[in-house]
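S.K.: Structure file target-v1.pdb (PDB, C-alpha atoms) right here:
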```pdb
ATOM      1  CA  MET A1208       0.000   0.000   0.000
ATOM      2  CA  PHE A1209       2.683   2.442   1.044
ATOM      3  CA  GLN A1210       4.794   1.344  -1.887
ATOM      4  CA  THR A1211       1.912   2.045  -4.277
ATOM      5  CA  MET A1212       1.401   5.516  -2.872
ATOM      6  CA  ARG A1213       5.063   6.271  -3.057
ATOM      7  CA  ARG A1214       5.194   5.168  -6.658
ATOM      8  CA  GLY A1215       2.186   7.296  -7.497
ATOM      9  CA  ALA A1216       3.647  10.356  -5.864
ATOM     10  CA  ALA A1217       6.947   9.822  -7.585
ATOM     11  CA  CYS A1218       5.209   9.522 -10.941
ATOM     12  CA  ALA A1219       3.346  12.771 -10.412
ATOM     13  CA  LEU A1220       6.560  14.445  -9.389
ATOM     14  CA  SER A1221       8.321  13.039 -12.398
ATOM     15  CA  VAL A1222       5.654  14.408 -14.705
ATOM     16  CA  ILE A1223       6.001  17.877 -13.251
ATOM     17  CA  ALA A1224       9.697  18.113 -12.596
ATOM     18  CA  LEU A1225      11.346  15.653 -14.887
ATOM     19  CA  SER A1226       9.280  15.668 -18.038
ATOM     20  CA  GLY A1227      12.391  17.058 -19.665
ATOM     21  CA  CYS A1228      14.155  13.818 -18.930
ATOM     22  CA  ALA A1229      12.179  12.192 -21.659
ATOM     23  CA  ILE A1230      14.493  10.462 -23.967
ATOM     24  CA  PHE A1231      15.562  12.475 -26.893
ATOM     25  CA  ALA A1232      15.505   9.483 -28.905
ATOM     26  CA  PRO A1233      12.211   7.874 -29.463
ATOM     27  CA  PRO A1234      12.125   4.083 -29.189
ATOM     28  CA  ASP A1235      14.301   2.402 -31.772
ATOM     29  CA  ASP A1236      12.406   1.807 -35.017
ATOM     30  CA  PRO A1237      13.882  -1.095 -37.004
ATOM     31  CA  VAL A1238      11.742  -0.212 -40.049
ATOM     32  CA  LEU A1239      13.183   3.306 -40.170
ATOM     33  CA  ASP A1240      16.706   1.909 -39.798
ATOM     34  CA  ALA A1241      16.172  -0.671 -42.519
ATOM     35  CA  LYS A1242      14.635   1.795 -44.982
ATOM     36  CA  ILE A1243      17.251   4.500 -44.592
ATOM     37  CA  THR A1244      19.976   1.857 -44.951
ATOM     38  CA  THR A1245      18.361   0.448 -48.100
ATOM     39  CA  ALA A1246      18.002   3.936 -49.561
ATOM     40  CA  TYR A1247      21.555   4.983 -48.713
ATOM     41  CA  GLU A1248      23.037   1.815 -50.191
ATOM     42  CA  GLY A1249      20.947   2.318 -53.316
ATOM     43  CA  VAL A1250      22.084   5.924 -53.613
ATOM     44  CA  ALA A1251      25.760   4.989 -53.164
ATOM     45  CA  LYS A1252      25.499   2.272 -55.818
ATOM     46  CA  LEU A1253      23.709   4.588 -58.223
ATOM     47  CA  ALA A1254      26.329   7.319 -57.743
ATOM     48  CA  ALA A1255      29.196   4.854 -58.177
ATOM     49  CA  GLU A1256      27.681   3.453 -61.369
ATOM     50  CA  GLY A1257      27.102   6.967 -62.665
ATOM     51  CA  GLU A1258      30.678   7.998 -61.958
ATOM     52  CA  MET A1259      31.935   4.877 -63.737
ATOM     53  CA  GLY A1260      30.125   5.827 -66.904
ATOM     54  CA  LEU A1261      27.356   3.255 -66.825
ATOM     55  CA  TYR A1262      24.704   5.947 -67.397
ATOM     56  CA  ALA A1263      26.589   8.337 -69.701
ATOM     57  CA  ASP A1264      24.073   7.553 -72.446
ATOM     58  CA  LYS A1265      20.701   9.023 -71.555
ATOM     59  CA  ALA A1266      19.033   6.024 -73.219
ATOM     60  CA  THR A1267      20.012   4.021 -70.120
ATOM     61  CA  TYR A1268      17.437   5.968 -68.107
ATOM     62  CA  ALA A1269      14.561   3.666 -68.985
ATOM     63  CA  GLY A1270      16.459   0.681 -67.620
ATOM     64  CA  ALA A1271      17.308   2.520 -64.394
ATOM     65  CA  ILE A1272      13.814   3.729 -63.508
ATOM     66  CA  ALA A1273      13.184   0.761 -61.221
ATOM     67  CA  THR A1274      16.393   1.562 -59.323
ATOM     68  CA  TYR A1275      15.294   5.162 -58.774
ATOM     69  CA  ALA A1276      11.826   3.995 -57.749
ATOM     70  CA  ASP A1277      13.205   1.523 -55.186
ATOM     71  CA  ILE A1278      15.276   4.274 -53.562
ATOM     72  CA  GLN A1279      12.383   6.730 -53.559
ATOM     73  CA  ALA A1280      10.026   4.173 -52.051
ATOM     74  CA  ALA A1281      12.457   3.426 -49.214
ATOM     75  CA  LEU A1282      12.931   7.157 -48.572
ATOM     76  CA  ALA A1283       9.176   7.758 -48.552
ATOM     77  CA  VAL A1284       8.661   5.093 -45.886
ATOM     78  CA  ALA A1285      11.634   6.428 -43.892
ATOM     79  CA  ALA A1286      10.190   9.955 -43.956
ATOM     80  CA  VAL A1287       6.800   8.755 -42.713
ATOM     81  CA  ARG A1288       8.331   6.641 -39.943
ATOM     82  CA  ALA A1289      10.655   9.464 -38.878
ATOM     83  CA  GLY A1290       7.796  11.964 -38.877
ATOM     84  CA  SER A1291       5.583   9.811 -36.703
ATOM     85  CA  GLN A1292       8.137   9.262 -33.933
ATOM     86  CA  PRO A1293       6.912  10.114 -30.465
ATOM     87  CA  TYR A1294       8.749  12.935 -28.768
ATOM     88  CA  ALA A1295       8.644  14.406 -25.299
ATOM     89  CA  ALA A1296      10.865  17.434 -25.237
ATOM     90  CA  ARG A1297      10.931  20.501 -27.408
ATOM     91  CA  PRO A1298      14.416  20.097 -28.909
ATOM     92  CA  ALA A1299      13.466  16.555 -29.866
ATOM     93  CA  GLN A1300      10.297  17.785 -31.568
ATOM     94  CA  LYS A1301      12.270  20.264 -33.664
ATOM     95  CA  ALA A1302      14.953  17.698 -34.363
ATOM     96  CA  ILE A1303      12.379  15.224 -35.689
ATOM     97  CA  ALA A1304      11.045  17.885 -38.083
ATOM     98  CA  ALA A1305      14.601  18.580 -39.239
ATOM     99  CA  GLU A1306      15.289  14.851 -39.624
ATOM    100  CA  VAL A1307      12.248  14.446 -41.874
ATOM    101  CA  SER A1308      13.317  17.428 -43.942
ATOM    102  CA  LEU A1309      16.798  15.920 -44.428
ATOM    103  CA  ILE A1310      15.275  12.634 -45.627
ATOM    104  CA  GLN A1311      13.066  14.566 -48.039
ATOM    105  CA  GLY A1312      16.135  16.513 -49.214
ATOM    106  CA  CYS A1313      17.832  13.224 -50.080
ATOM    107  CA  SER A1314      14.726  12.219 -52.016
ATOM    108  CA  ALA A1315      14.738  15.525 -53.936
ATOM    109  CA  GLN A1316      18.361  14.884 -54.926
ATOM    110  CA  VAL A1317      17.528  11.404 -56.221
ATOM    111  CA  LYS A1318      14.791  12.994 -58.311
ATOM    112  CA  GLY A1319      17.230  15.647 -59.521
ATOM    113  CA  LEU A1320      19.723  13.037 -60.653
ATOM    114  CA  ALA A1321      16.953  11.118 -62.405
ATOM    115  CA  GLN A1322      16.020  14.303 -64.298
ATOM    116  CA  LEU A1323      19.605  14.833 -65.371
ATOM    117  CA  HIS A1324      19.901  11.172 -66.371
ATOM    118  CA  GLN A1325      16.779  11.385 -68.498
ATOM    119  CA  MET A1326      17.731  14.720 -70.055
ATOM    120  CA  ALA A1327      21.447  14.319 -70.751
ATOM    121  CA  GLY A1328      22.809  11.153 -69.158
ATOM    122  CA  ILE A1329      25.229  11.125 -66.207
ATOM    123  CA  ILE A1330      28.732  11.999 -67.388
ATOM    124  CA  PRO A1331      31.515  10.909 -64.986
ATOM    125  CA  ASN A1332      33.572  13.592 -63.193
ATOM    126  CA  THR A1333      31.183  16.425 -63.917
ATOM    127  CA  GLY A1334      30.090  16.913 -60.308
ATOM    128  CA  ALA A1335      26.715  15.334 -61.064
ATOM    129  CA  THR A1336      26.399  12.870 -58.184
ATOM    130  CA  THR A1337      28.040  14.672 -55.243
ATOM    131  CA  ALA A1338      24.994  16.686 -54.188
ATOM    132  CA  MET A1339      22.936  13.493 -53.864
ATOM    133  CA  MET A1340      25.661  11.709 -51.894
ATOM    134  CA  VAL A1341      26.078  14.637 -49.498
ATOM    135  CA  SER A1342      22.345  15.088 -48.905
ATOM    136  CA  CYS A1343      21.665  11.395 -48.423
ATOM    137  CA  ASP A1344      24.662  11.028 -46.102
ATOM    138  CA  GLN A1345      23.168  13.791 -43.973
ATOM    139  CA  ALA A1346      19.800  12.027 -43.928
ATOM    140  CA  ALA A1347      21.414   8.756 -42.837
ATOM    141  CA  LYS A1348      23.484  10.538 -40.164
ATOM    142  CA  ALA A1349      20.363  12.277 -38.876
ATOM    143  CA  VAL A1350      18.556   8.957 -38.434
ATOM    144  CA  THR A1351      21.566   7.581 -36.548
ATOM    145  CA  ALA A1352      21.811  10.704 -34.371
ATOM    146  CA  MET A1353      18.194  10.245 -33.263
ATOM    147  CA  LYS A1354      18.715   6.676 -32.099
ATOM    148  CA  PRO A1355      18.768   5.963 -28.368
ATOM    149  CA  ARG A1356      22.223   6.008 -26.869
TER     150      ARG A1356
ATOM    151  CA  MET B 694      35.943  14.281 -16.524
ATOM    152  CA  SER B 695      33.886  11.228 -15.857
ATOM    153  CA  ILE B 696      31.830  10.882 -12.704
ATOM    154  CA  ASP B 697      30.874   7.684 -10.909
ATOM    155  CA  PHE B 698      27.179   8.443 -10.683
ATOM    156  CA  SER B 699      26.431   5.552  -8.358
ATOM    157  CA  THR B 700      28.414   7.221  -5.581
ATOM    158  CA  LEU B 701      27.474  10.796  -6.388
ATOM    159  CA  GLN B 702      26.253  12.559  -3.257
ATOM    160  CA  VAL B 703      25.143  16.168  -3.399
ATOM    161  CA  ASP B 704      24.072  18.169  -0.359
ATOM    162  CA  ASN B 705      23.117  21.540  -1.771
ATOM    163  CA  ALA B 706      22.399  23.532  -4.909
ATOM    164  CA  ASP B 707      25.946  24.866  -5.209
ATOM    165  CA  GLU B 708      27.384  21.366  -5.325
ATOM    166  CA  LEU B 709      24.766  20.296  -7.847
ATOM    167  CA  ALA B 710      25.515  23.311 -10.046
ATOM    168  CA  THR B 711      29.226  22.472  -9.977
ATOM    169  CA  VAL B 712      28.639  18.869 -11.020
ATOM    170  CA  LEU B 713      26.275  19.973 -13.803
ATOM    171  CA  GLU B 714      28.808  22.459 -15.096
ATOM    172  CA  GLN B 715      31.525  19.812 -15.279
ATOM    173  CA  GLN B 716      29.274  17.279 -16.981
ATOM    174  CA  LEU B 717      27.888  19.735 -19.525
ATOM    175  CA  GLY B 718      31.380  20.917 -20.420
ATOM    176  CA  ALA B 719      32.551  17.348 -20.947
ATOM    177  CA  THR B 720      29.463  16.387 -22.981
ATOM    178  CA  ALA B 721      29.711  19.435 -25.233
ATOM    179  CA  THR B 722      33.428  18.839 -25.813
ATOM    180  CA  ASP B 723      32.904  15.175 -26.692
ATOM    181  CA  TRP B 724      30.091  16.052 -29.072
ATOM    182  CA  TRP B 725      32.070  18.799 -30.742
ATOM    183  CA  ASN B 726      35.147  16.616 -31.192
ATOM    184  CA  ALA B 727      33.030  13.869 -32.755
ATOM    185  CA  ASN B 728      31.210  16.170 -35.188
ATOM    186  CA  LYS B 729      33.398  19.133 -36.023
ATOM    187  CA  SER B 730      34.889  17.585 -39.153
ATOM    188  CA  VAL B 731      31.559  16.548 -40.680
ATOM    189  CA  VAL B 732      30.312  19.853 -42.067
ATOM    190  CA  PRO B 733      33.650  21.058 -43.515
ATOM    191  CA  GLY B 734      33.840  17.657 -45.238
ATOM    192  CA  TYR B 735      30.466  18.212 -46.927
ATOM    193  CA  LEU B 736      31.422  21.723 -47.989
ATOM    194  CA  ARG B 737      34.712  20.460 -49.414
ATOM    195  CA  SER B 738      32.969  17.707 -51.444
ATOM    196  CA  LEU B 739      30.408  20.138 -52.827
ATOM    197  CA  ALA B 740      33.093  22.702 -53.669
ATOM    198  CA  GLU B 741      35.058  20.067 -55.592
ATOM    199  CA  ALA B 742      31.908  19.025 -57.448
ATOM    200  CA  ALA B 743      31.142  22.633 -58.410
ATOM    201  CA  ILE B 744      34.648  23.010 -59.875
ATOM    202  CA  GLN B 745      34.244  19.718 -61.785
ATOM    203  CA  THR B 746      30.979  21.005 -63.243
ATOM    204  CA  ARG B 747      32.583  24.304 -64.272
ATOM    205  CA  THR B 748      35.462  22.479 -65.970
ATOM    206  CA  ALA B 749      33.111  20.057 -67.740
ATOM    207  CA  LEU B 750      31.029  22.962 -69.016
ATOM    208  CA  ALA B 751      34.131  24.837 -70.205
ATOM    209  CA  ASN B 752      35.329  21.707 -72.035
ATOM    210  CA  HIS B 753      31.913  21.143 -73.634
ATOM    211  CA  GLN B 754      31.569  17.758 -71.925
ATOM    212  CA  ILE B 755      28.108  18.788 -70.774
ATOM    213  CA  THR B 756      25.507  21.187 -72.164
ATOM    214  CA  PRO B 757      24.648  24.465 -70.397
ATOM    215  CA  GLU B 758      21.243  22.925 -69.567
ATOM    216  CA  ALA B 759      22.860  19.933 -67.876
ATOM    217  CA  ALA B 760      25.289  22.218 -66.010
ATOM    218  CA  ASP B 761      22.365  24.336 -64.846
ATOM    219  CA  LEU B 762      20.559  21.298 -63.451
ATOM    220  CA  ILE B 763      23.707  19.954 -61.757
ATOM    221  CA  LEU B 764      24.470  23.330 -60.179
ATOM    222  CA  HIS B 765      20.889  23.633 -58.989
ATOM    223  CA  ASN B 766      21.227  20.269 -57.224
ATOM    224  CA  GLN B 767      24.514  21.413 -55.671
ATOM    225  CA  GLU B 768      22.850  24.608 -54.478
ATOM    226  CA  LEU B 769      20.149  22.541 -52.751
ATOM    227  CA  ALA B 770      22.824  20.401 -51.124
ATOM    228  CA  PHE B 771      24.709  23.463 -49.855
ATOM    229  CA  ASN B 772      21.467  24.755 -48.404
ATOM    230  CA  GLN B 773      20.703  21.403 -46.807
ATOM    231  CA  THR B 774      24.162  21.357 -45.233
ATOM    232  CA  LEU B 775      23.195  24.537 -43.386
ATOM    233  CA  GLN B 776      19.988  22.841 -42.224
ATOM    234  CA  PHE B 777      22.074  19.864 -41.149
ATOM    235  CA  THR B 778      24.191  22.068 -38.865
ATOM    236  CA  LYS B 779      20.976  23.343 -37.270
ATOM    237  CA  PHE B 780      19.843  19.763 -36.774
ATOM    238  CA  MET B 781      23.118  18.862 -35.099
ATOM    239  CA  THR B 782      22.719  21.852 -32.780
ATOM    240  CA  LEU B 783      19.294  20.524 -31.753
ATOM    241  CA  VAL B 784      20.842  17.125 -31.116
ATOM    242  CA  LEU B 785      23.472  18.784 -28.949
ATOM    243  CA  SER B 786      20.896  20.747 -26.951
ATOM    244  CA  GLN B 787      18.857  17.623 -26.268
ATOM    245  CA  THR B 788      22.009  15.713 -25.360
ATOM    246  CA  LEU B 789      22.843  18.452 -22.863
ATOM    247  CA  LEU B 790      19.287  18.345 -21.519
ATOM    248  CA  ASN B 791      19.650  14.595 -21.021
ATOM    249  CA  THR B 792      22.958  15.189 -19.247
ATOM    250  CA  VAL B 793      21.293  17.566 -16.800
ATOM    251  CA  PHE B 794      18.501  15.136 -15.989
ATOM    252  CA  GLN B 795      20.914  12.243 -15.700
ATOM    253  CA  VAL B 796      22.814  14.092 -12.977
ATOM    254  CA  VAL B 797      19.630  15.274 -11.268
ATOM    255  CA  GLY B 798      18.119  11.801 -11.537
ATOM    256  CA  TRP B 799      21.157  10.182  -9.896
ATOM    257  CA  VAL B 800      21.297  12.807  -7.167
ATOM    258  CA  ILE B 801      17.680  12.057  -6.293
ATOM    259  CA  TYR B 802      18.077   8.298  -6.615
ATOM    260  CA  ASN B 803      21.177   8.136  -4.422
ATOM    261  CA  ARG B 804      19.434   9.968  -1.610
ATOM    262  CA  THR B 805      15.891   8.579  -1.855
ATOM    263  CA  GLY B 806      16.151   5.293  -3.725
ATOM    264  CA  ILE B 807      13.492   6.521  -6.139
ATOM    265  CA  ASN B 808      14.393   6.506  -9.808
ATOM    266  CA  LEU B 809      12.561   9.289 -11.620
ATOM    267  CA  ALA B 810      14.525   8.987 -14.841
ATOM    268  CA  PRO B 811      14.853   5.256 -15.512
ATOM    269  CA  ASN B 812      15.922   5.865 -19.101
ATOM    270  CA  LEU B 813      18.903   7.925 -17.943
ATOM    271  CA  VAL B 814      19.607   6.488 -14.513
ATOM    272  CA  GLN B 815      20.448   2.810 -14.620
ATOM    273  CA  PRO B 816      21.885   1.564 -11.348
ATOM    274  CA  ALA B 817      23.698  -1.759 -11.336
ATOM    275  CA  GLY B 818      21.261  -4.436 -10.214
ATOM    276  CA  GLY B 819      18.206  -2.600 -11.464
ATOM    277  CA  GLY B 820      16.933  -0.273  -8.770
ATOM    278  CA  ALA B 821      13.323   0.717  -8.308
ATOM    279  CA  ALA B 822      11.939   2.645 -11.231
ATOM    280  CA  ALA B 823       9.358   5.227 -10.289
ATOM    281  CA  SER B 824       7.338   5.012 -13.445
TER     282      SER B 824
END
```
I need this file expressed as structure tokens, please.

M.R.:
Amino acid sequence: MFQTMRRGAACALSVIALSGCAIFAPPDDPVLDAKITTAYEGVAKLAAEGEMGLYADKATYAGAIATYADIQAALAVAAVRAGSQPYAARPAQKAIAAEVSLIQGCSAQVKGLAQLHQMAGIIPNTGATTAMMVSCDQAAKAVTAMKPR
Amino acid sequence: MSIDFSTLQVDNADELATVLEQQLGATATDWWNANKSVVPGYLRSLAEAAIQTRTALANHQITPEAADLILHNQELAFNQTLQFTKFMTLVLSQTLLNTVFQVVGWVIYNRTGINLAPNLVQPAGGGAAAS
């Protein structure tokens, strides 16, 4: 009985005084992890193939559409999962919004590369793939930074 | 400086403030050392890419339209890198917040046996969680 009361009082106190102690990181989400990993690996492979000249001919775009679509699908799921994470403290709330925006930025870069591919092909060493790699690396790092430590 | 939280005993606000100051300083330093090279690395990569694009355009390897699209993507990535630094600042502020409540949580637990922050305070052998 006493124990129950003590626990109740402590809970109330914790709600008032220690609500800030809420974990930054929402509970680990294996789906989010898996999707961002899939997307990042897809992006890295795409960039490497582009820089090796595999897509220098814009006619190769048709054959690569499925690759772009796979990456975009993984990023779309990652963005939804990241955006629906529970949060308990204000910095975490803002950080989740920023995390989602970084994932969407990666997705915009994949779309940008697809446009270039379709329009002119991807010519190696013309600086065509770096923006996508940088943006998607940031998205992957953001997901990692939000994980519980 | 690393503190053995399980033996941390604090009698007054001055002592608590001192411990918090030490812990926050250490946390911020660790975070900064782990992340300071990340953003310059992105900027360097994007700068190199922009020069590659300029050279390719000058050498007629790519059309002005293609160069325009590539540079637009690079511009977005530069902009996102700025957003990324803001994100990392938010991560730092929450990490510091956690540090504060870890210290406060231990200080309370060591004196009362009640664990108000079970996600941050994890005594060996469990300990009674309050929630």

S.K.: In terms of the shortest atom-to-atom distance over all atoms listed in the file, which of B:Ala743, B:Ile696, B:Asn766, B:Gln702 is closest to Thr805 (chain B)?

M.R.: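 Ranking B:Ala743, B:Ile696, B:Asn766, B:Gln702 by distance to Thr805 (chain B), first place goes to B:Gln702.
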
S.K.: Under the PyMOL selection byres ((chain A and resi 1247-1252) around 12), which residues of this model are included? Write them out as a PyMOL selection string.

M.R.: chain A and resi 1240-1246+1253-1259+1261+1271+1273-1282+1285+1310+1313-1314+1316-1318+1320-1321+1336-1348+1350

S.K.: Which of these residues is nearest to chain A, using only C-alpha atoms: B:Ala760, B:Ala742, B:Leu785, B:Leu790?

M.R.: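 Using only C-alpha atoms, the shortest distance to chain A belongs to B:Ala742.
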
S.K.: Pick the closest to Ala706 (chain B) from B:Val800, B:Ile763, B:Thr746, B:Val814: which is it, counting all atoms listed in the file?

M.R.: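 Among the listed residues, B:Val800 lies closest to Ala706 (chain B).
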
S.K.: Applying 9 Å and all atoms listed in the file, which residues near Met781 (chain B) remain after dropping the ones on its own chain fewer than 6 positions away? List them as a PyMOL selection string.

M.R.: (chain A and resi 1302+1349+1352) or (chain B and resi 728)

S.K.: Could you tell me, as a PDB file with C-alpha atoms, in the frame of the given file, exactly which residues end up selected when the ChimeraX specification (/A :<6) & /B is applied to this structure?

M.R.:
```
ATOM      1  CA  ALA B 742      31.908  19.025 -57.448  1.00  0.00           C
ATOM      2  CA  GLN B 745      34.244  19.718 -61.785  1.00  0.00           C
ATOM      3  CA  THR B 746      30.979  21.005 -63.243  1.00  0.00           C
ATOM      4  CA  ALA B 749      33.111  20.057 -67.740  1.00  0.00           C
ATOM      5  CA  ILE B 763      23.707  19.954 -61.757  1.00  0.00           C
ATOM      6  CA  GLN B 767      24.514  21.413 -55.671  1.00  0.00           C
ATOM      7  CA  ALA B 770      22.824  20.401 -51.124  1.00  0.00           C
ATOM      8  CA  PHE B 780      19.843  19.763 -36.774  1.00  0.00           C
ATOM      9  CA  LEU B 783      19.294  20.524 -31.753  1.00  0.00           C
ATOM     10  CA  GLN B 787      18.857  17.623 -26.268  1.00  0.00           C
ATOM     11  CA  ASN B 791      19.650  14.595 -21.021  1.00  0.00           C
ATOM     12  CA  PHE B 794      18.501  15.136 -15.989  1.00  0.00           C
ATOM     13  CA  LEU B 809      12.561   9.289 -11.620  1.00  0.00           C
ATOM     14  CA  ALA B 823       9.358   5.227 -10.289  1.00  0.00           C
ATOM     15  CA  SER B 824       7.338   5.012 -13.445  1.00  0.00           C
TER      16      SER B 824
END
```

S.K.: Could you work out an axis-aligned box for region 727-745 of chain B, taking every atom the file lists and adding 5 Å on each side, and report centre and edge lengths in Å to one decimal, as AutoDock Vina command-line options?

M.R.:
```
--center_x 32.7 --center_y 18.4 --center_z -47.3 --size_x 14.7 --size_y 19.1 --size_z 39.0
```

S.K.: In Å, with one decimal, what is the gap from CA of Asp1264 (chain A) to CA of Gln1325 (chain A)?

M.R.: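 Result for CA of Asp1264 (chain A) versus CA of Gln1325 (chain A): 9.1 Å, one decimal.
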
S.K.: How many Å lie between CA of Val1287 (chain A) and CA of Lys1354 (chain A), rounded to one decimal?

M.R.: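 Value for the CA of Val1287 (chain A)-CA of Lys1354 (chain A) distance: 16.1 Å.
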
S.K.: Contacts of Ile801 (chain B) at 10 Å or less, counting all atoms listed in the file, minus same-chain residues fewer than 6 places along, as a list of chain:residue names?

M.R.: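 Within the cut-off, the hits are B:Leu701, B:Gln702, B:Val703, B:Gln795, B:Ile807, B:Asn808, B:Leu809, B:Ala810.
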
S.K.: Provide the CA of Phe771 (chain B) to CA of Ile744 (chain B) distance in Å, to one decimal place.

M.R.: 14.1 Å

S.K.: Would you pick out the contacts of region 718-721 of chain B at 8 Å or less, using only C-alpha atoms, so that residues sharing its chain but fewer than 6 positions from it are not included, and give the list as a PyMOL selection string?

M.R.: chain B and resi 694+785+788-789+792

S.K.: Could you write out as a PyMOL selection string the residues that the PyMOL selection byres ((chain A and resi 1292) around 9) matches in the shown file?

M.R.: chain A and resi 1232-1234+1236+1287-1291+1293-1294+1303

S.K.: Find the residue from B:Thr756, B:Val797, B:Pro733, B:Ala817 that sits nearest to Leu709 (chain B); use all atoms listed in the file when measuring.

M.R.: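 Nearest to Leu709 (chain B): B:Val797.
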